[in-house]
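Student: Structure: target_12.cif, mmCIF, C-alpha atoms and all ligand atoms.
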data_protein
loop_
_atom_site.label_atom_id
_atom_site.label_comp_id
_atom_site.auth_asym_id
_atom_site.auth_seq_id
_atom_site.Cartn_x
_atom_site.Cartn_y
_atom_site.Cartn_z
CA MET A 1 -23.65 -22.79 8.22
CA PRO A 2 -19.86 -22.91 8.10
CA LEU A 3 -19.83 -24.96 4.88
CA PHE A 4 -21.69 -22.27 3.03
CA ARG A 5 -19.43 -19.60 4.42
CA PHE A 6 -16.26 -21.39 3.38
CA PHE A 7 -17.38 -21.97 -0.17
CA SER A 8 -19.12 -18.69 -0.67
CA ASN A 9 -17.63 -16.41 -3.28
CA ASP A 10 -17.13 -13.45 -1.03
CA LEU A 11 -13.89 -11.55 -1.57
CA ALA A 12 -11.76 -9.10 0.40
CA ILE A 13 -9.44 -6.80 -1.50
CA ASP A 14 -6.52 -4.54 -0.62
CA LEU A 15 -6.47 -2.10 -3.51
CA GLY A 16 -3.03 -0.65 -2.83
CA THR A 17 -1.12 1.95 -4.80
CA ALA A 18 1.75 -0.52 -5.25
CA ASN A 19 0.13 -3.95 -4.79
CA THR A 20 -3.34 -5.45 -5.01
CA LEU A 21 -4.11 -8.45 -2.81
CA ILE A 22 -7.26 -10.57 -2.74
CA TRP A 23 -8.42 -12.78 0.10
CA MET A 24 -11.02 -15.49 -0.14
CA PRO A 25 -12.75 -16.71 3.02
CA GLY A 26 -11.49 -20.18 3.93
CA LYS A 27 -8.54 -19.87 1.57
CA GLY A 28 -6.61 -16.77 2.56
CA VAL A 29 -4.60 -14.72 0.06
CA ILE A 30 -5.35 -15.93 -3.47
CA LEU A 31 -3.86 -13.03 -5.43
CA ASP A 32 -0.88 -10.75 -4.77
CA GLU A 33 0.18 -8.68 -7.75
CA PRO A 34 1.49 -5.20 -8.51
CA SER A 35 -1.23 -2.60 -9.24
CA VAL A 36 -0.07 -2.16 -12.82
CA VAL A 37 -2.01 -2.08 -16.09
CA ALA A 38 -0.88 -2.22 -19.71
CA PHE A 39 -3.40 -0.88 -22.17
CA ASP A 40 -3.82 0.25 -25.74
CA ARG A 41 -3.40 4.01 -25.84
CA ASN A 42 -5.97 4.44 -28.59
CA THR A 43 -8.77 2.09 -27.59
CA LYS A 44 -8.02 1.95 -23.82
CA HIS A 45 -8.39 -1.81 -24.17
CA ILE A 46 -6.55 -3.56 -21.31
CA ILE A 47 -3.77 -5.85 -22.54
CA ALA A 48 -2.28 -7.08 -19.26
CA ILE A 49 -2.52 -6.53 -15.50
CA GLY A 50 -0.35 -7.24 -12.47
CA HIS A 51 2.91 -9.17 -12.91
CA ASP A 52 2.32 -9.56 -16.66
CA ALA A 53 1.94 -5.80 -17.08
CA GLN A 54 4.91 -5.04 -14.84
CA THR A 55 7.31 -7.00 -17.04
CA MET A 56 6.25 -4.75 -19.93
CA ILE A 57 7.41 -1.54 -18.22
CA GLY A 58 9.96 0.18 -20.44
CA LYS A 59 9.64 -2.47 -23.15
CA THR A 60 6.49 -1.49 -25.03
CA HIS A 61 5.94 0.20 -28.38
CA LYS A 62 4.18 3.52 -28.73
CA ASP A 63 0.61 2.20 -28.79
CA ILE A 64 0.91 0.44 -25.45
CA LYS A 65 1.02 2.37 -22.21
CA VAL A 66 1.85 0.83 -18.84
CA ILE A 67 0.66 2.72 -15.75
CA ARG A 68 0.01 2.37 -12.04
CA PRO A 69 -3.49 3.84 -11.97
CA LEU A 70 -3.46 4.46 -8.21
CA ARG A 71 0.07 5.71 -8.07
CA ASP A 72 -0.20 8.51 -5.55
CA GLY A 73 -3.11 7.23 -3.57
CA VAL A 74 -5.48 9.05 -5.85
CA ILE A 75 -7.01 7.43 -8.88
CA ALA A 76 -5.06 8.90 -11.77
CA ASP A 77 -7.19 7.30 -14.44
CA PHE A 78 -10.65 6.14 -13.41
CA GLU A 79 -11.41 4.07 -16.45
CA ILE A 80 -8.15 2.15 -16.25
CA ALA A 81 -8.34 1.75 -12.46
CA GLU A 82 -11.81 0.32 -12.83
CA GLY A 83 -10.68 -2.01 -15.57
CA MET A 84 -7.79 -3.23 -13.42
CA LEU A 85 -9.95 -3.97 -10.38
CA ARG A 86 -12.49 -5.76 -12.55
CA ALA A 87 -9.78 -7.80 -14.28
CA PHE A 88 -8.26 -8.85 -10.92
CA ILE A 89 -11.68 -9.92 -9.65
CA HIS A 90 -12.34 -11.88 -12.84
CA LYS A 91 -8.94 -13.50 -12.57
CA VAL A 92 -9.78 -15.07 -9.22
CA THR A 93 -13.39 -15.91 -10.03
CA LYS A 94 -12.83 -17.23 -13.57
CA ASN A 95 -15.14 -20.21 -13.60
CA TRP A 96 -16.95 -19.20 -10.50
CA GLN A 97 -20.00 -17.15 -9.92
CA PRO A 98 -19.28 -13.43 -9.70
CA PRO A 99 -18.46 -12.40 -6.13
CA ARG A 100 -21.43 -11.90 -3.89
CA ARG A 101 -20.03 -9.60 -1.27
CA VAL A 102 -16.80 -7.65 -1.52
CA VAL A 103 -14.87 -5.66 1.10
CA ILE A 104 -12.26 -3.28 -0.29
CA GLY A 105 -9.57 -1.40 1.63
CA VAL A 106 -9.02 2.14 0.29
CA PRO A 107 -6.73 4.98 1.40
CA SER A 108 -8.31 7.09 4.15
CA GLY A 109 -7.73 10.26 2.13
CA ILE A 110 -9.73 9.10 -0.90
CA SER A 111 -12.46 11.45 -2.21
CA GLU A 112 -16.19 10.70 -2.52
CA VAL A 113 -15.84 10.49 -6.28
CA GLU A 114 -13.03 7.97 -5.94
CA LYS A 115 -14.99 5.91 -3.42
CA ARG A 116 -17.82 5.81 -5.87
CA ALA A 117 -15.50 4.72 -8.68
CA VAL A 118 -14.19 1.85 -6.54
CA ARG A 119 -17.72 0.77 -5.60
CA ASP A 120 -18.87 0.99 -9.21
CA SER A 121 -16.00 -1.07 -10.55
CA ALA A 122 -16.64 -3.88 -8.05
CA GLU A 123 -20.32 -3.76 -8.98
CA HIS A 124 -19.44 -3.89 -12.66
CA ALA A 125 -17.41 -7.01 -11.88
CA GLY A 126 -20.68 -8.51 -10.66
CA ALA A 127 -20.48 -7.93 -6.90
CA ARG A 128 -23.88 -7.54 -5.34
CA GLU A 129 -22.74 -5.93 -2.11
CA VAL A 130 -19.67 -3.69 -1.90
CA HIS A 131 -18.22 -2.42 1.38
CA LEU A 132 -15.29 -0.04 1.76
CA ILE A 133 -12.94 0.17 4.72
CA ALA A 134 -10.15 2.67 5.39
CA GLU A 135 -6.76 1.02 4.99
CA PRO A 136 -5.39 1.92 8.45
CA MET A 137 -8.53 0.43 10.03
CA ALA A 138 -8.08 -2.73 7.97
CA ALA A 139 -4.39 -2.87 8.92
CA ALA A 140 -5.28 -2.52 12.62
CA ILE A 141 -7.70 -5.45 12.35
CA GLY A 142 -5.15 -7.44 10.36
CA ILE A 143 -2.57 -6.89 13.09
CA GLY A 144 -5.07 -8.21 15.63
CA MET A 145 -6.02 -5.02 17.46
CA GLU A 146 -9.33 -5.06 19.28
CA VAL A 147 -10.68 -2.08 17.35
CA HIS A 148 -14.07 -2.10 19.07
CA GLN A 149 -12.63 -1.37 22.51
CA SER A 150 -12.46 2.11 23.97
CA VAL A 151 -8.70 2.01 23.83
CA GLY A 152 -6.48 4.17 21.66
CA ASN A 153 -4.29 2.43 19.07
CA MET A 154 -1.95 4.11 16.63
CA ILE A 155 -1.25 2.56 13.28
CA VAL A 156 1.13 3.81 10.59
CA ASP A 157 0.67 2.15 7.20
CA ILE A 158 3.41 3.04 4.73
CA GLY A 159 2.65 1.92 1.19
CA GLY A 160 3.91 2.90 -2.24
CA GLY A 161 1.96 6.12 -2.77
CA THR A 162 0.66 7.09 0.65
CA SER A 163 1.50 6.85 4.32
CA GLU A 164 -1.59 6.64 6.45
CA ILE A 165 -1.32 7.50 10.12
CA ALA A 166 -4.38 6.88 12.24
CA VAL A 167 -5.57 6.70 15.82
CA ILE A 168 -8.33 4.15 16.27
CA SER A 169 -10.75 3.68 19.17
CA LEU A 170 -14.31 2.37 19.54
CA ALA A 171 -14.44 1.01 15.97
CA GLY A 172 -13.72 4.44 14.51
CA ILE A 173 -10.86 6.58 13.31
CA VAL A 174 -10.41 9.33 15.90
CA ALA A 175 -7.70 11.21 14.03
CA ASP A 176 -5.85 10.51 10.84
CA LEU A 177 -3.38 11.89 8.38
CA SER A 178 -2.78 10.72 4.84
CA LEU A 179 0.59 11.79 3.43
CA ARG A 180 1.59 11.47 -0.20
CA ILE A 181 5.06 10.53 0.98
CA ALA A 182 5.83 6.82 0.93
CA GLY A 183 7.83 4.17 -0.91
CA ASN A 184 7.70 5.83 -4.35
CA VAL A 185 9.15 9.06 -2.99
CA LEU A 186 11.99 7.12 -1.36
CA ASN A 187 12.78 5.50 -4.74
CA ASN A 188 12.75 8.89 -6.46
CA ASN A 189 15.13 10.31 -3.87
CA ILE A 190 17.54 7.44 -4.51
CA ILE A 191 17.36 8.08 -8.28
CA GLN A 192 17.99 11.81 -7.72
CA PHE A 193 20.93 11.08 -5.43
CA PHE A 194 22.72 9.05 -8.11
CA ARG A 195 21.95 11.61 -10.76
CA ARG A 196 23.18 14.59 -8.76
CA THR A 197 26.09 13.13 -6.85
CA HIS A 198 27.40 10.52 -9.27
CA ASN A 199 26.08 11.62 -12.68
CA LEU A 200 24.58 8.17 -12.88
CA LEU A 201 21.19 7.40 -14.36
CA ILE A 202 19.46 4.44 -12.70
CA GLY A 203 15.99 3.02 -13.28
CA GLU A 204 13.14 2.54 -10.85
CA ARG A 205 13.71 -1.19 -10.46
CA THR A 206 17.34 -0.57 -9.49
CA ALA A 207 16.31 2.11 -6.99
CA GLU A 208 13.83 -0.33 -5.45
CA ILE A 209 16.53 -3.00 -5.04
CA ILE A 210 18.96 -0.50 -3.51
CA LYS A 211 16.26 0.59 -1.05
CA HIS A 212 15.46 -2.97 0.01
CA LYS A 213 19.09 -3.99 0.42
CA THR A 214 20.71 -0.91 1.88
CA GLY A 215 18.04 1.70 2.60
CA SER A 216 17.67 2.69 6.25
CA ALA A 217 16.18 5.34 8.51
CA ALA A 218 18.81 5.28 11.27
CA PRO A 219 22.46 4.15 11.52
CA LEU A 220 22.99 0.42 11.01
CA GLU A 221 25.05 -1.69 13.40
CA GLU A 222 27.22 -2.48 10.43
CA GLU A 223 26.99 -0.10 7.50
CA LEU A 224 26.70 -1.79 4.09
CA GLU A 225 28.09 -1.27 0.62
CA ILE A 226 26.36 -1.93 -2.66
CA GLU A 227 27.47 -2.06 -6.29
CA VAL A 228 25.20 0.02 -8.49
CA LYS A 229 25.08 -0.12 -12.27
CA GLY A 230 23.65 2.67 -14.38
CA ARG A 231 24.37 4.92 -17.32
CA ASP A 232 26.97 7.64 -16.98
CA LEU A 233 25.21 10.90 -17.81
CA VAL A 234 28.41 12.46 -19.12
CA THR A 235 29.83 9.72 -21.33
CA GLY A 236 26.53 7.96 -22.02
CA ILE A 237 27.99 4.52 -21.39
CA PRO A 238 27.21 2.02 -18.60
CA LYS A 239 29.18 2.42 -15.39
CA MET A 240 29.35 0.72 -12.00
CA ILE A 241 30.03 2.42 -8.70
CA VAL A 242 30.09 1.32 -5.07
CA VAL A 243 28.10 3.33 -2.53
CA SER A 244 27.62 3.05 1.20
CA SER A 245 24.36 2.67 3.10
CA VAL A 246 25.25 5.96 4.82
CA ASP A 247 24.86 7.84 1.51
CA ILE A 248 21.60 6.06 0.72
CA ARG A 249 20.28 6.92 4.18
CA ASN A 250 21.20 10.57 3.74
CA SER A 251 19.26 10.67 0.47
CA LEU A 252 16.17 9.45 2.35
CA THR A 253 16.39 11.91 5.25
CA GLU A 254 13.79 14.36 4.00
CA PRO A 255 10.86 12.02 3.31
CA ILE A 256 11.58 9.98 6.45
CA THR A 257 11.58 13.17 8.51
CA ASP A 258 8.26 14.14 6.91
CA ILE A 259 6.71 10.82 7.95
CA VAL A 260 8.12 11.09 11.48
CA ASN A 261 6.80 14.66 11.75
CA GLY A 262 3.39 13.45 10.58
CA ILE A 263 3.34 10.94 13.43
CA LEU A 264 4.35 13.62 15.93
CA ARG A 265 1.69 15.97 14.59
CA LEU A 266 -1.03 13.35 14.93
CA LEU A 267 0.11 12.50 18.45
CA GLU A 268 -0.26 16.18 19.35
CA GLN A 269 -3.83 16.13 18.03
CA THR A 270 -4.76 12.97 19.89
CA PRO A 271 -6.97 13.43 22.97
CA PRO A 272 -4.89 12.86 26.15
CA GLU A 273 -6.68 9.70 27.30
CA LEU A 274 -6.03 8.02 23.98
CA ALA A 275 -2.48 9.34 23.84
CA SER A 276 -1.74 7.66 27.14
CA ASP A 277 -3.14 4.37 25.75
CA ILE A 278 -0.76 4.70 22.81
CA LEU A 279 2.13 5.42 25.14
CA GLU A 280 1.29 2.22 26.99
CA ARG A 281 0.71 0.02 23.90
CA GLY A 282 3.14 1.48 21.39
CA ILE A 283 2.87 2.41 17.72
CA PHE A 284 2.28 -0.27 15.06
CA LEU A 285 3.76 -0.17 11.56
CA SER A 286 2.33 -1.92 8.50
CA GLY A 287 2.66 -1.74 4.71
CA GLY A 288 5.80 -2.48 2.71
CA GLY A 289 7.46 0.72 3.94
CA ALA A 290 7.54 -0.73 7.46
CA LEU A 291 10.33 -3.02 6.18
CA LEU A 292 12.78 -0.15 5.69
CA LYS A 293 15.70 -0.92 7.98
CA GLU A 294 15.67 0.86 11.37
CA LEU A 295 12.49 2.80 10.62
CA ASP A 296 10.98 1.44 13.83
CA LYS A 297 14.04 2.64 15.77
CA ARG A 298 13.89 6.09 14.18
CA ILE A 299 10.19 6.53 15.05
CA SER A 300 10.79 5.21 18.53
CA GLN A 301 13.61 7.71 19.12
CA ALA A 302 11.49 10.62 17.85
CA THR A 303 8.38 9.78 19.85
CA GLY A 304 9.86 8.11 22.93
CA MET A 305 7.39 5.26 22.38
CA ALA A 306 7.73 1.57 21.64
CA VAL A 307 7.28 0.79 17.92
CA TYR A 308 6.29 -2.62 16.55
CA ILE A 309 6.34 -3.90 12.99
CA ALA A 310 3.33 -6.02 11.99
CA ASP A 311 3.98 -9.65 11.07
CA ASP A 312 4.19 -9.77 7.30
CA PRO A 313 3.42 -6.03 7.00
CA LEU A 314 2.65 -6.23 3.25
CA GLN A 315 -0.36 -8.43 4.04
CA ALA A 316 -1.72 -6.67 7.12
CA VAL A 317 -4.42 -4.76 5.21
CA VAL A 318 -5.67 -7.76 3.23
CA ARG A 319 -5.70 -9.93 6.38
CA GLY A 320 -7.83 -7.23 8.02
CA THR A 321 -10.26 -7.00 5.10
CA GLY A 322 -10.37 -10.83 5.17
CA LYS A 323 -11.38 -10.85 8.83
CA VAL A 324 -14.06 -8.27 8.04
CA ILE A 325 -15.61 -10.26 5.17
CA GLU A 326 -15.57 -13.38 7.35
CA ASN A 327 -17.52 -11.59 10.07
CA LEU A 328 -19.31 -8.74 8.36
CA SER A 329 -21.97 -8.12 11.00
CA TYR A 330 -19.43 -7.84 13.82
CA TYR A 331 -17.29 -5.47 11.80
CA SER A 332 -20.04 -3.41 10.16
CA PRO A 333 -19.38 -0.39 12.47
CA VAL A 334 -15.83 -0.05 11.10
CA LEU A 335 -16.88 0.19 7.45
CA ILE A 336 -17.00 3.48 5.55
CA LYS A 337 -20.60 4.67 5.47
CA ASN A 338 -22.14 4.55 2.04
CA THR A 339 -23.25 8.10 1.36
CA ARG A 340 -24.71 7.25 -2.01
CA TYR A 341 -28.44 7.56 -2.32
P1 LIG B 401 0.45 -0.20 -1.19
O1 LIG B 401 -0.45 -0.53 -0.06
O2 LIG B 401 0.50 1.25 -1.49
O3 LIG B 401 0.16 -1.04 -2.40
P2 LIG B 401 2.47 -1.88 -0.01
O4 LIG B 401 2.04 -1.96 1.40
O5 LIG B 401 2.22 -3.06 -0.87
O6 LIG B 401 1.92 -0.56 -0.71
O7 LIG B 401 4.04 -1.53 0.02
C1 LIG B 401 4.73 -1.26 -1.15
C2 LIG B 401 5.88 -0.36 -0.83
O8 LIG B 401 6.72 -0.99 0.13
C3 LIG B 401 6.74 -0.09 -2.06
O9 LIG B 401 7.02 1.29 -2.13
C4 LIG B 401 8.00 -0.90 -1.77
O10 LIG B 401 9.13 -0.28 -2.32
C5 LIG B 401 8.05 -0.87 -0.25
N1 LIG B 401 8.84 -1.99 0.28
C6 LIG B 401 8.61 -3.31 0.13
N2 LIG B 401 9.56 -4.03 0.73
C7 LIG B 401 10.44 -3.14 1.27
C8 LIG B 401 11.67 -3.26 2.01
N3 LIG B 401 12.19 -4.44 2.33
N4 LIG B 401 12.30 -2.12 2.39
C9 LIG B 401 11.79 -0.91 2.08
N5 LIG B 401 10.64 -0.74 1.39
C10 LIG B 401 9.98 -1.83 0.99
MG MG B 402 -1.54 -0.55 1.45
#
Can you turn what I pasted into structure tokens?
Ligand code: ADP
Ligand code: MG
Tutor:
Amino acid sequence: MPLFRFFSNDLAIDLGTANTLIWMPGKGVILDEPSVVAFDRNTKHIIAIGHDAQTMIGKTHKDIKVIRPLRDGVIADFEIAEGMLRAFIHKVTKNWQPPRRVVIGVPSGISEVEKRAVRDSAEHAGAREVHLIAEPMAAAIGIGMEVHQSVGNMIVDIGGGTSEIAVISLAGIVADLSLRIAGNVLNNNIIQFFRRTHNLLIGERTAEIIKHKTGSAAPLEEELEIEVKGRDLVTGIPKMIVVSSVDIRNSLTEPITDIVNGILRLLEQTPPELASDILERGIFLSGGGALLKELDKRISQATGMAVYIADDPLQAVVRGTGKVIENLSYYSPVLIKNTRY
């Protein structure tokens, strides 16, 4: 009954540390917002979520707190994280029935307690059936890998709080590694670089822009320059300086090396048959971090393998969860087993 399927209120969700995306069968992505919440410090009442909450960062009074509840890939504040997920679900189902079935992508390193919190919050939003899937598995499906086959695939999903590296075969994760080194750490390194080398204080938004425009993991064909405005830590007044992409790259060396070493470590742990599949097929990158300039080249040089960036890497996980909700029985082997009794 395709009509029923297209108008059903099933939802697929990528609950990312930086961004939350929601997919509706037959419609595609219907929500794409930062995983940010503004709430009343005293009552814990949620005031705003997503884009609305993000614009409040740094502009609130003392009773309002703005946080990213999933910041490091772990749920920093359960109550607020739950409230955020519920509010996002309500936002897309406003005048609709509550969602019937929900598939949610979660970091592979998430604890049992956190899994339970995610399940509970979707249930509290009215979902009758909640399924969880590990993000790298969802990304692999979103990229179009045939995850059921007995063929090894390597996926590296670099988000805001975590980098997830996984080898997938026969609908399961054969080996994986979840690092707390990802986009946020790169931003922090850029902030530290300006503080230490230029006595310049810059904010997170500025660091993010610098990373997008000039950040890189290997030398660029043509190195870039960027004007950066911040506050001089000595005089206290605003100042502008010009820096080169070479300096920005040097400030990112450590975390990038950590991610590359993680990939090498996982390759070492991969059974030889699967490793030879990966050698043949290459390594696939997803998540916003995959957009860092020359990261693919850097990983390729370190591993000697071909490296491919997913189409629209920021949406790979939600596309994967979307495929799963649209064909739940086919994909049921890839879901995280519900250990709750
Ligand atoms: P998550 O799954 O954790 O929510 P995303 O996959 O949405 O994360 O990716 C968000 C991360 O990607 C952020 O840290 C952001 O800075 C980074 N990012 C987005 N675009 C780029 C870009 N062009 N260059 C480098 N990093 C980027
Ligand atoms: Mg993600």
Student: Have a look at A:Thr43, A:Thr206, A:Asn189, A:Thr162 and name the one nearest to ligand MG 402 (chain B); count only C-alpha atoms and all ligand atoms.
Tutor: A:Thr162
Student: List all protein, DNA and RNA residues that have an atom no more than 7 Å from any atom of ligand MG 402 (chain B), counting only C-alpha atoms and all ligand atoms, and report them as a ChimeraX atom specification.
Tutor: /A:14,16-17,135,157-159,287,317
Student: Distance CA of Met305 in chain A-CA of Glu164 in chain A, one decimal place?
Tutor: 18.3 Å
Student: Between A:Val92, A:Ile46, A:Val130, A:Ala207, single out the one closest to ligand LIG 401 (chain B), counting all atoms listed in the file.
Tutor: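 Looking only at the distances to ligand LIG 401 (chain B), the closest residue turns out to be A:Ala207.
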Student: Residues within 12 Å of Arg100 in chain A, please, as a list in words. Count all atoms listed in the file; anything in the same chain fewer than 2 positions from it doesn't count.
Tutor: Arg5, Phe7, Ser8, Asn9, Asp10, Leu11, Ala12, Met24, Ile89, Thr93, Trp96, Gln97, Pro98, Val102, Val103, Ala122, Glu123, Ala125, Gly126, Ala127, Arg128, Glu129, Val130, His131 and Ile325 of chain A
Student: Could the residues in this selection be written to a file with C-alpha atoms, as an mmCIF file, in the coordinates of the input?
Tutor:
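Resulting contents of again-v1.cif:
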data_model
loop_
_atom_site.group_PDB
_atom_site.id
_atom_site.type_symbol
_atom_site.label_atom_id
_atom_site.label_comp_id
_atom_site.auth_asym_id
_atom_site.auth_seq_id
_atom_site.Cartn_x
_atom_site.Cartn_y
_atom_site.Cartn_z
ATOM 1 C CA ARG A 5 -19.430 -19.600 4.420
ATOM 2 C CA PHE A 7 -17.380 -21.970 -0.170
ATOM 3 C CA SER A 8 -19.120 -18.690 -0.670
ATOM 4 C CA ASN A 9 -17.630 -16.410 -3.280
ATOM 5 C CA ASP A 10 -17.130 -13.450 -1.030
ATOM 6 C CA LEU A 11 -13.890 -11.550 -1.570
ATOM 7 C CA ALA A 12 -11.760 -9.100 0.400
ATOM 8 C CA MET A 24 -11.020 -15.490 -0.140
ATOM 9 C CA ILE A 89 -11.680 -9.920 -9.650
ATOM 10 C CA THR A 93 -13.390 -15.910 -10.030
ATOM 11 C CA TRP A 96 -16.950 -19.200 -10.500
ATOM 12 C CA GLN A 97 -20.000 -17.150 -9.920
ATOM 13 C CA PRO A 98 -19.280 -13.430 -9.700
ATOM 14 C CA VAL A 102 -16.800 -7.650 -1.520
ATOM 15 C CA VAL A 103 -14.870 -5.660 1.100
ATOM 16 C CA ALA A 122 -16.640 -3.880 -8.050
ATOM 17 C CA GLU A 123 -20.320 -3.760 -8.980
ATOM 18 C CA ALA A 125 -17.410 -7.010 -11.880
ATOM 19 C CA GLY A 126 -20.680 -8.510 -10.660
ATOM 20 C CA ALA A 127 -20.480 -7.930 -6.900
ATOM 21 C CA ARG A 128 -23.880 -7.540 -5.340
ATOM 22 C CA GLU A 129 -22.740 -5.930 -2.110
ATOM 23 C CA VAL A 130 -19.670 -3.690 -1.900
ATOM 24 C CA HIS A 131 -18.220 -2.420 1.380
ATOM 25 C CA ILE A 325 -15.610 -10.260 5.170
#
Student: If the limit is 7 Å from any atom of ligand LIG 401 (chain B), counting all atoms listed in the file, which residues qualify? Return them as a list in words.
Tutor: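 Those within range of ligand LIG 401 (chain B) are Leu15, Gly16, Thr17, Ala18, Asn19, Thr20, Ile158, Gly159, Gly160, Gly161, Thr162, Ala182, Gly183, Asn184, Glu208, Lys211, His212, Gly215, Gly287, Gly288, Gly289, Ala290, Leu291, Leu292, Lys293 and Leu314 of chain A.
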Student: Between A:Asn338, A:Ser276, A:Gln301, A:Thr270, which has the minimum distance to Ala175 in chain A (counting only C-alpha atoms)?
Tutor: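 Nearest candidate to Ala175 in chain A out of A:Asn338, A:Ser276, A:Gln301, A:Thr270: A:Thr270.
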Student: Give me, as a tab-separated table, the closest atom pair and its distance (Å, one decimal) for every residue of range 178-217 of chain A within a cut-off of 10 Å of range 237-245 of chain A, counting all atoms listed in the file, rows sorted by chain and rising number.
Tutor:
residue	atom	partner	partner_atom	distance
A:Phe194	CA	A:Val243	CA	9.6
A:His198	CA	A:Ile241	CA	8.5
A:Leu200	CA	A:Lys239	CA	7.8
A:Leu201	CA	A:Pro238	CA	9.1
A:Ile210	CA	A:Ser245	CA	9.1
A:Lys211	CA	A:Ser245	CA	9.3
A:Lys213	CA	A:Ser245	CA	8.9
A:Thr214	CA	A:Ser245	CA	5.3
A:Gly215	CA	A:Ser245	CA	6.4
A:Ser216	CA	A:Ser245	CA	7.4
Student: Could you jot down the CA of Val36 in chain A to CA of Ala53 in chain A separation for me, Å, one decimal place?
Tutor: 6.0 Å
Student: Calculate how many Å separate CA of Leu266 in chain A from CA of Val167 in chain A, rounding to one decimal.
Tutor: 8.1 Å
Student: Which is closest to Ile283 in chain A among A:Gly152, A:Asn188, A:Ile226, A:Arg86, if we use only C-alpha atoms?
Tutor: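 Ranking A:Gly152, A:Asn188, A:Ile226, A:Arg86 by distance to Ile283 in chain A, first place goes to A:Gly152.
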Student: Compare A:Ala316, A:Ile256, A:Val66, A:Leu335 by their minimum atom-to-atom distance to Val185 in chain A, counting all atoms listed in the file, and give me the closest one.
Tutor: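 For Val185 in chain A, the nearest of the given residues is A:Ile256.
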